[in-house]
>>> print(open('final_16.txt').read())   # compact mmCIF, C-alpha atoms
# COMPACT_ATOMS: atom_id res chain seq x y z
CA MET U 5 84.61 111.45 63.11
CA GLU U 6 87.48 109.89 65.00
CA LEU U 7 89.29 113.21 65.17
CA LEU U 8 86.13 115.02 66.29
CA ILE U 9 85.52 112.63 69.19
CA ASN U 10 89.18 112.74 70.19
CA SER U 11 89.29 116.53 70.26
CA PHE U 12 86.09 116.63 72.29
CA VAL U 13 87.60 114.17 74.79
CA VAL U 14 90.71 116.36 75.07
CA ILE U 15 88.55 119.46 75.69
CA CYS U 16 86.57 117.63 78.39
CA LEU U 17 89.69 116.37 80.17
CA VAL U 18 91.46 119.74 80.11
CA SER U 19 88.43 121.68 81.33
CA GLY U 20 87.93 119.11 84.10
CA LEU U 21 91.55 119.58 85.12
CA VAL U 22 91.05 123.36 85.22
CA PHE U 23 88.07 122.89 87.53
CA PHE U 24 90.03 120.50 89.75
CA ALA U 25 92.94 122.96 89.91
CA GLY U 26 90.52 125.73 90.90
CA GLY U 27 89.13 123.55 93.66
CA SER U 28 92.56 122.68 95.04
CA VAL U 29 93.86 126.24 94.94
CA GLY U 30 90.64 127.47 96.53
CA ILE U 31 91.03 125.04 99.40
CA ILE U 32 94.46 126.51 100.11
CA ARG U 33 93.62 130.19 99.65
CA MET U 34 90.20 130.70 101.24
CA PRO U 35 90.17 132.28 104.72
CA ASP U 36 87.94 129.95 106.72
CA PHE U 37 86.40 126.57 106.33
CA TYR U 38 82.89 127.69 105.40
CA SER U 39 84.29 129.50 102.39
CA ARG U 40 86.69 126.62 101.71
CA LEU U 41 83.69 124.38 101.19
CA HIS U 42 82.57 126.44 98.19
CA PRO U 43 85.47 125.42 95.91
CA ALA U 44 85.90 122.00 97.51
CA GLY U 45 82.34 120.86 97.14
CA LYS U 46 81.39 122.26 93.77
CA LEU U 47 84.36 122.86 91.53
CA ASP U 48 85.31 119.24 92.24
CA THR U 49 81.80 118.08 91.34
CA LEU U 50 81.94 119.84 88.01
CA GLY U 51 85.48 118.54 87.44
CA ILE U 52 84.28 114.97 87.97
CA MET U 53 81.42 115.58 85.56
CA ALA U 54 83.68 116.93 82.84
CA VAL U 55 86.39 114.25 83.10
CA VAL U 56 83.99 111.31 83.37
CA LEU U 57 81.93 112.65 80.45
CA GLY U 58 85.10 112.72 78.37
CA LEU U 59 86.06 109.18 79.38
CA ALA U 60 82.55 107.85 78.66
CA LEU U 61 82.64 109.44 75.21
CA PHE U 62 86.05 107.89 74.56
CA GLU U 63 84.65 104.52 75.57
CA LEU U 64 81.68 104.92 73.21
CA LYS U 65 84.02 104.97 70.20
CA GLN U 66 83.86 101.18 69.88
CA TRP U 67 80.14 100.77 69.52
CA SER U 68 79.05 97.56 71.31
CA LEU U 69 76.75 96.49 74.11
CA ALA U 70 79.59 96.23 76.61
CA SER U 71 80.90 99.73 75.94
CA VAL U 72 77.40 101.21 76.09
CA LEU U 73 76.84 99.56 79.47
CA LEU U 74 80.21 100.86 80.61
CA SER U 75 79.33 104.43 79.61
CA LEU U 76 75.99 104.05 81.34
CA LYS U 77 77.81 102.99 84.49
CA MET U 78 80.07 106.02 84.28
CA MET U 79 76.99 108.24 83.93
CA LEU U 80 75.65 106.50 87.05
CA ILE U 81 78.81 107.63 88.88
CA VAL U 82 78.21 111.22 87.76
CA PHE U 83 74.55 111.06 88.84
CA PHE U 84 75.53 109.67 92.23
CA VAL U 85 78.18 112.33 92.76
CA PHE U 86 75.64 115.03 91.89
CA LEU U 87 73.32 113.62 94.56
CA SER U 88 75.90 112.96 97.25
CA SER U 89 78.17 115.98 97.02
CA PRO U 90 75.59 118.58 98.17
CA THR U 91 74.56 116.25 100.97
CA ALA U 92 78.13 115.84 102.20
CA THR U 93 78.74 119.59 101.96
CA HIS U 94 75.57 120.33 103.86
CA SER U 95 76.48 117.80 106.54
CA ILE U 96 79.90 119.41 107.11
CA VAL U 97 78.38 122.90 107.29
CA ASP U 98 75.78 121.65 109.74
CA ALA U 99 78.49 120.16 111.98
CA GLY U 100 80.34 123.48 111.95
CA ILE U 101 77.24 125.52 112.79
CA ARG U 102 76.25 123.20 115.63
CA ALA U 103 79.74 123.37 117.12
CA GLY U 104 79.41 127.15 117.21
CA LEU U 105 82.23 127.97 114.82
CA ALA U 106 81.87 131.61 113.81
CA PRO U 107 82.18 132.31 110.07
CA TRP U 108 84.91 134.62 108.82
CA THR U 109 83.57 138.01 107.84
CA LYS U 110 85.25 141.02 106.34
CA THR U 111 84.29 143.51 109.03
CA LYS U 112 85.78 141.48 111.85
CA ARG U 113 89.34 141.56 110.57
CA SER U 114 89.58 145.01 109.01
CA MET A 22 95.62 109.05 73.80
CA ASN A 23 97.43 107.00 76.44
CA ALA A 24 99.93 109.80 77.04
CA LEU A 25 97.08 112.23 77.65
CA PHE A 26 95.52 109.95 80.25
CA LEU A 27 98.88 109.51 81.93
CA GLY A 28 99.46 113.26 82.03
CA THR A 29 96.00 113.87 83.44
CA ALA A 30 96.57 111.27 86.15
CA LEU A 31 99.94 112.79 87.09
CA PHE A 32 98.47 116.28 87.26
CA LEU A 33 95.67 114.99 89.51
CA CYS A 34 98.28 113.44 91.82
CA PHE A 35 100.03 116.81 91.93
CA LEU A 36 96.76 118.53 92.82
CA MET A 37 96.20 116.04 95.63
CA LEU A 38 99.23 117.51 97.41
CA PHE A 39 97.34 120.80 97.85
CA SER A 40 94.41 119.03 99.48
CA LEU A 41 96.82 116.95 101.54
CA TYR A 42 98.31 120.16 102.94
CA ARG A 43 94.83 121.14 104.15
CA ALA A 44 94.21 117.66 105.50
CA ILE A 45 97.42 117.68 107.56
CA PHE A 46 97.77 121.31 108.70
CA GLY A 47 94.10 122.30 108.82
CA PRO A 48 93.41 124.40 111.91
CA THR A 49 90.17 122.59 112.76
CA VAL A 50 88.92 119.04 112.41
CA LEU A 51 86.38 120.08 109.79
CA ASP A 52 89.13 121.58 107.62
CA ARG A 53 90.79 118.19 107.60
CA LEU A 54 87.49 116.61 106.66
CA VAL A 55 87.17 118.99 103.71
CA GLY A 56 90.68 118.09 102.56
CA VAL A 57 90.02 114.36 102.83
CA ASN A 58 86.78 114.74 100.88
CA ALA A 59 88.58 116.61 98.10
CA ILE A 60 91.26 113.91 97.91
CA GLY A 61 88.54 111.25 97.68
CA SER A 62 86.79 112.92 94.78
CA LYS A 63 90.09 113.19 92.91
CA THR A 64 90.84 109.52 93.62
CA LEU A 65 87.54 108.55 92.01
CA VAL A 66 88.66 110.07 88.72
CA LEU A 67 92.17 108.72 89.15
CA LEU A 68 90.82 105.15 89.40
CA LEU A 69 88.96 105.56 86.10
CA LEU A 70 92.10 106.93 84.45
CA ILE A 71 94.18 104.00 85.74
CA GLY A 72 91.59 101.66 84.25
CA MET A 73 91.88 103.48 80.92
CA ILE A 74 95.68 103.23 80.92
CA TYR A 75 95.68 99.50 81.67
CA GLY A 76 92.75 98.82 79.31
CA ARG A 77 90.62 97.27 82.08
CA VAL A 78 87.96 99.95 82.53
CA GLU A 79 85.15 97.44 83.02
CA MET A 80 86.85 96.35 86.24
CA PHE A 81 87.96 99.75 87.50
CA VAL A 82 84.61 101.43 86.97
CA ASP A 83 83.09 99.18 89.64
CA ILE A 84 85.92 100.04 92.01
CA ALA A 85 85.40 103.74 91.32
CA LEU A 86 81.67 103.45 92.00
CA ALA A 87 82.28 101.65 95.28
CA TYR A 88 84.92 104.21 96.20
CA GLY A 89 82.45 107.03 95.59
CA PHE A 90 79.90 105.40 97.89
CA LEU A 91 82.55 104.81 100.55
CA ASN A 92 83.78 108.41 100.38
CA PHE A 93 80.25 109.72 100.84
CA VAL A 94 79.51 107.46 103.80
CA THR A 95 82.85 108.35 105.41
CA VAL A 96 82.20 112.08 105.25
CA LEU A 97 78.65 111.67 106.57
CA ALA A 98 79.73 109.48 109.48
CA ALA A 99 82.68 111.67 110.43
CA SER A 100 80.69 114.90 110.37
CA ARG A 101 77.91 113.30 112.44
CA TYR A 102 80.52 112.02 114.88
CA PHE A 103 82.10 115.46 115.37
CA HIS A 104 78.72 117.11 115.81
CA LYS A 105 78.74 117.84 119.49
CA ARG A 106 82.45 117.90 120.27
CA LYS A 107 83.05 121.54 120.91
CA GLY A 108 86.48 121.06 122.46
CA LEU A 109 87.93 119.48 119.34
CA TYR A 110 87.82 122.60 117.19
CA GLY A 111 90.91 124.77 117.18
CA GLU A 112 91.17 126.71 120.40
CA SER A 113 92.58 129.77 118.66
CA GLU A 114 89.37 130.22 116.67
CA GLN A 115 87.25 130.09 119.78
CA VAL A 116 89.39 132.69 121.56
CA GLN A 117 89.28 135.01 118.59
CA SER A 118 85.53 134.85 118.39
CA GLU A 119 85.23 135.79 122.04
CA GLU A 120 87.40 138.86 121.70
CA MET D 27 50.02 112.88 103.75
CA LYS D 28 49.44 112.37 100.04
CA LYS D 29 45.83 112.12 98.98
CA PRO D 30 44.96 108.88 97.19
CA VAL D 31 43.13 108.86 93.89
CA PHE D 32 40.02 107.40 95.43
CA PRO D 33 38.96 109.36 98.48
CA ALA D 34 37.85 106.29 100.41
CA ASP D 35 40.62 104.91 102.62
CA SER D 36 39.51 101.37 102.01
CA PRO D 37 41.77 98.31 102.32
CA LEU D 38 41.50 97.77 98.57
CA VAL D 39 42.94 101.19 97.79
CA ARG D 40 45.75 100.68 100.27
CA ARG D 41 46.52 97.28 98.76
CA LEU D 42 46.56 98.76 95.25
CA GLN D 43 48.88 101.53 96.38
CA SER D 44 51.37 99.16 97.97
CA ALA D 45 51.24 96.95 94.86
CA PHE D 46 52.02 99.98 92.70
CA SER D 47 54.99 101.00 94.82
CA PHE D 48 56.21 97.39 94.91
CA VAL D 49 56.18 97.15 91.10
CA CYS D 50 57.94 100.51 90.72
CA THR D 51 60.65 99.64 93.23
CA PHE D 52 61.17 96.20 91.69
CA CYS D 53 61.55 97.56 88.15
CA PHE D 54 63.98 100.25 89.33
CA LEU D 55 66.13 97.79 91.28
CA PHE D 56 66.18 95.20 88.50
CA ALA D 57 67.22 97.81 85.90
CA LEU D 58 69.98 98.92 88.26
CA TRP D 59 71.11 95.29 88.60
CA LEU D 60 71.21 94.86 84.80
CA VAL D 61 73.33 97.99 84.34
CA LEU D 62 75.71 97.16 87.19
CA SER D 63 76.20 93.48 86.37
CA GLY D 64 76.33 93.71 82.56
CA LYS D 65 76.08 89.91 82.14
CA PHE D 66 72.97 88.19 80.83
CA GLU D 67 73.46 84.56 81.91
CA PRO D 68 70.39 82.82 83.36
CA LEU D 69 71.99 82.24 86.76
CA LEU D 70 72.94 85.88 87.28
CA LEU D 71 69.58 87.09 85.97
CA GLY D 72 67.82 84.76 88.40
CA LEU D 73 69.95 85.95 91.31
CA GLY D 74 69.20 89.56 90.41
CA PHE D 75 65.50 88.78 90.17
CA LEU D 76 65.55 87.15 93.60
CA ALA D 77 67.56 89.95 95.23
CA SER D 78 65.44 92.78 93.84
CA PHE D 79 62.24 90.87 94.65
CA LEU D 80 63.27 90.46 98.30
CA VAL D 81 64.42 94.06 98.70
CA ALA D 82 61.28 95.38 97.00
CA TYR D 83 59.11 93.14 99.15
CA PHE D 84 60.53 94.42 102.43
CA PHE D 85 61.21 98.08 101.58
CA HIS D 86 58.63 98.93 98.91
CA ASP D 87 57.21 101.94 100.78
CA LEU D 88 60.53 103.79 101.06
CA LEU D 89 61.21 104.94 97.52
CA PHE D 90 57.74 105.39 96.01
CA PRO D 91 55.38 106.04 98.93
CA GLY D 92 52.06 105.71 97.11
CA PHE D 93 50.28 106.70 93.96
CA HIS D 94 49.32 110.23 93.11
CA ARG D 95 47.86 111.73 89.96
CA SER D 96 50.58 114.36 89.53
CA TYR D 97 53.33 111.74 89.87
CA PHE D 98 54.18 111.17 86.21
CA ALA D 99 53.81 114.78 85.11
CA SER D 100 56.10 116.09 87.83
CA SER D 101 58.76 113.44 87.14
CA ILE D 102 58.76 114.40 83.45
CA ARG D 103 59.05 118.09 84.38
CA PHE D 104 61.88 117.19 86.78
CA PHE D 105 63.89 115.66 83.92
CA ALA D 106 63.30 118.84 81.94
CA TYR D 107 64.57 120.85 84.92
CA ILE D 108 67.96 119.07 85.09
CA PRO D 109 69.51 120.53 81.87
CA TRP D 110 68.58 124.04 82.96
CA LEU D 111 70.24 123.36 86.33
CA ILE D 112 73.42 122.09 84.66
CA VAL D 113 73.67 125.21 82.48
CA GLU D 114 73.16 127.34 85.57
CA ILE D 115 75.88 125.41 87.43
CA PHE D 116 78.29 125.99 84.55
CA LYS D 117 77.63 129.73 84.45
CA ALA D 118 78.08 130.13 88.19
CA ASN D 119 81.17 127.90 88.32
CA PHE D 120 83.10 130.25 86.07
CA HIS D 121 82.33 133.07 88.47
CA LEU D 122 83.77 131.05 91.36
CA LEU D 123 86.77 130.02 89.24
CA ARG D 124 87.57 133.66 88.49
CA LEU D 125 87.26 134.43 92.20
CA VAL D 126 89.63 131.66 93.23
CA PHE D 127 92.41 132.58 90.81
CA HIS D 128 92.08 136.32 91.40
CA PRO D 129 95.22 137.81 93.03
CA ARG D 130 93.23 140.08 95.37
CA MET D 131 90.71 137.44 96.38
CA HIS D 132 90.38 138.57 99.98
CA ASP D 133 89.05 141.94 98.87
CA LEU D 134 86.53 140.43 96.51
CA ILE D 135 84.93 137.82 98.73
CA ASP D 136 82.55 138.75 101.51
CA PRO D 137 81.19 135.63 103.22
CA HIS D 138 77.92 136.15 105.03
CA ILE D 139 74.83 134.22 106.03
CA VAL D 140 71.41 135.21 104.74
CA SER D 141 68.03 133.66 105.41
CA ILE D 142 65.40 133.60 102.71
CA ARG D 143 61.74 132.77 103.04
CA THR D 144 60.26 130.67 100.27
CA GLY D 145 56.69 129.43 100.28
CA LEU D 146 57.63 125.82 99.49
CA SER D 147 55.79 123.23 101.54
CA LYS D 148 56.28 119.82 99.89
CA ASP D 149 59.18 117.63 101.02
CA MET D 150 60.48 116.88 97.55
CA SER D 151 60.48 120.51 96.46
CA ILE D 152 62.33 121.60 99.61
CA VAL D 153 64.98 118.91 99.10
CA THR D 154 65.39 119.77 95.43
CA MET D 155 65.63 123.49 96.22
CA ALA D 156 68.24 122.91 98.94
CA ASN D 157 70.38 120.69 96.71
CA SER D 158 70.08 123.12 93.80
CA ILE D 159 71.20 126.01 95.99
CA THR D 160 74.18 124.01 97.19
CA LEU D 161 75.14 122.90 93.68
CA THR D 162 75.03 126.46 92.36
CA PRO D 163 78.44 127.78 93.39
CA GLY D 164 78.70 130.72 95.73
CA THR D 165 75.90 129.52 97.97
CA ILE D 166 75.56 126.63 100.44
CA THR D 167 72.35 125.71 102.23
CA VAL D 168 72.96 125.66 105.97
CA THR D 169 69.48 124.77 107.19
CA ALA D 170 66.14 124.21 105.53
CA ASN D 171 62.94 123.53 107.41
CA ARG D 172 59.40 122.49 106.70
CA GLU D 173 58.02 126.03 106.52
CA GLY D 174 60.29 126.73 103.55
CA LEU D 175 62.75 128.88 105.50
CA PHE D 176 66.28 128.53 104.14
CA THR D 177 69.52 129.69 105.73
CA VAL D 178 72.21 130.15 103.12
CA HIS D 179 75.94 130.84 103.40
CA ALA D 180 77.01 132.95 100.44
CA ILE D 181 80.56 133.78 99.41
CA ASP D 182 79.94 137.25 98.02
CA ARG D 183 77.16 139.78 97.64
CA LYS D 184 76.63 139.05 93.96
CA SER D 185 75.70 135.41 94.47
CA SER D 186 73.45 136.11 97.46
CA ARG D 187 71.57 138.84 95.60
CA ALA D 188 70.64 136.44 92.80
CA LEU D 189 69.35 133.94 95.28
CA PRO D 190 65.70 132.92 95.27
CA GLY D 191 65.26 134.28 91.78
CA GLU D 192 64.31 132.13 88.87
CA MET D 193 65.17 128.83 90.53
CA LEU D 194 62.38 129.08 93.09
CA GLY D 195 59.73 129.53 90.42
CA LYS D 196 61.09 126.59 88.43
CA VAL D 197 61.23 124.23 91.43
CA ALA D 198 57.72 125.24 92.48
CA ALA D 199 56.43 124.64 88.95
CA VAL D 200 58.05 121.19 88.79
CA PHE D 201 56.31 119.86 91.89
CA GLY D 202 53.11 121.87 91.60
CA ASP D 203 53.79 123.85 94.77
CA GLU D 204 52.14 127.17 95.53
CA VAL D 205 54.52 130.02 96.20
CA GLU D 206 53.41 133.38 97.49
CA ARG D 207 56.15 135.92 96.97
CA ILE D 208 56.96 137.76 100.17
CA GLU D 209 59.20 140.84 99.81
>>> encode(input="final_16.txt", output="structure tokens")
Amino acid sequence: MELLINSFVVICLVSGLVFFAGGSVGIIRMPDFYSRLHPAGKLDTLGIMAVVLGLALFELKQWSLASVLLSLKMMLIVFFVFLSSPTATHSIVDAGIRAGLAPWTKTKRS
Amino acid sequence: MNALFLGTALFLCFLMLFSLYRAIFGPTVLDRLVGVNAIGSKTLVLLLLIGMIYGRVEMFVDIALAYGFLNFVTVLAASRYFHKRKGLYGESEQVQSEE
Amino acid sequence: MKKPVFPADSPLVRRLQSAFSFVCTFCFLFALWLVLSGKFEPLLLGLGFLASFLVAYFFHDLLFPGFHRSYFASSIRFFAYIPWLIVEIFKANFHLLRLVFHPRMHDLIDPHIVSIRTGLSKDMSIVTMANSITLTPGTITVTANREGLFTVHAIDRKSSRALPGEMLGKVAAVFGDEVERIE
């Protein structure tokens, strides 16, 4: 049981790191800031979900009221991030559109 | 398990450098905002990992929650503030779109 | 905007509605206090009771703005909708991950803005639809208005083609919204 939980935690952490790495590389490589928002806003959200899920599971190994409350609090963080991240992304896109920043398209450059 | 948490935290710090590049050299203000937001979401996880390493998660989880709220409010306020400032976006982009 | 259970707009009905929203808000806030504080001493419990009572007294019409018959059913269906959304997010995230690490990324991506017309009319369903579109990678909601007209920035043709799709029907079913398919 111990080994099972530990291996699951390792899988969660590593997959979260892969998502975070994708988000960071995408921020560097994408051509303009509208397309940069795609990796920044969402791969990071999924990375947070994976890593925090792993940590909450690791915390649940000692079964007590305090650790259950702690895991619940971590799940609250994930829930809040899932609510706030689309809102922040939408707010940045809205600012860009209102400032009249033209999105990068393929036909313009080629 | 502690070594794994430490490695994860170090790798996250390394990834922050990528976002920091975008936050410093971004051509427009909104690019910098995107970089800062990405750094903030990595910091949230980093705080939890630090709590795990020191064995004081019950304290650090509150800090992480407050940091998440603060990050969200910062991005909202900054993007509202830069709403109508057309001159602040990179001039090169504007010229290219007129061509 | 929402129709009450009893058609008469009497003071009694209004008083019952505000009492219902007060109780809901108070229970929500007090549960949040219990989770966040994690201590069960009488002093802290009393302080939490006082704080959530005051906040619920002043702001009870913000979070639960009245009683409606479809309230409980749609909240249960909403919790059934979340796992489907998470699976969908996972599937689409791998697509974006492949795109980011691809060596010839600039040939593969094709950012463009599309506008789609959905028949959604309720506030909650429009908000849920907009957030679901933004959370599903490859697409970001740029604007969404009351008539159910969405403007979406998509990163490539594949993700914009799959756009209204299954999600629209699910969101409309959750909140009991009528959708007439145009196209």
>>> closest_atom_pairs(input="final_16.txt", of="chain U", to="chain A", cutoff="6 Å", atoms="all atoms listed in the file", output="Markdown table")
| residue | atom | partner | partner_atom | distance |
| --- | --- | --- | --- | --- |
| U:Ser28 | CA | A:Phe39 | CA | 5.9 |
| U:Phe37 | CA | A:Asp52 | CA | 5.8 |
| U:Ile81 | CA | A:Leu86 | CA | 5.9 |
| U:Ile96 | CA | A:Ser100 | CA | 5.6 |
| U:Ala99 | CA | A:His104 | CA | 4.9 |
| U:Ala103 | CA | A:Lys107 | CA | 5.4 |
>>> interface_residues(input="final_16.txt", of="chain U", to="chain D", cutoff="9 Å", atoms="only C-alpha atoms", output="ChimeraX atom specification")
/U:22-23,26-27,29-30,33-35,38-39,41-43,45-47,49-50,69-70,73-74,76-77,86-87,89-91,93-95,97-98,101,107-110
>>> atom_distance(input="final_16.txt", atom1="atom CA of Ile45 of chain A", atom2="atom CA of Ile31 of chain U")
12.7 Å
>>> atom_distance(input="final_16.txt", atom1="atom CA of Ile52 of chain U", atom2="atom CA of Phe201 of chain D")
28.7 Å
>>> atom_distance(input="final_16.txt", atom1="atom CA of Trp59 of chain D", atom2="atom CA of Phe90 of chain D")
18.3 Å
>>> axis_aligned_box(input="final_16.txt", around="segment 87-94 of chain A", padding_each_side="6 Å", output="AutoDock Vina command-line options")
--center_x 82.2 --center_y 105.7 --center_z 99.5 --size_x 17.4 --size_y 20.1 --size_z 20.5
>>> residues_around(input="final_16.txt", residues="Leu89 of chain D", least_positions_apart="4", cutoff="12 Å", atoms="only C-alpha atoms", output="number ranges by chain")
D: 44, 46-55, 81-82, 84-85, 93, 150
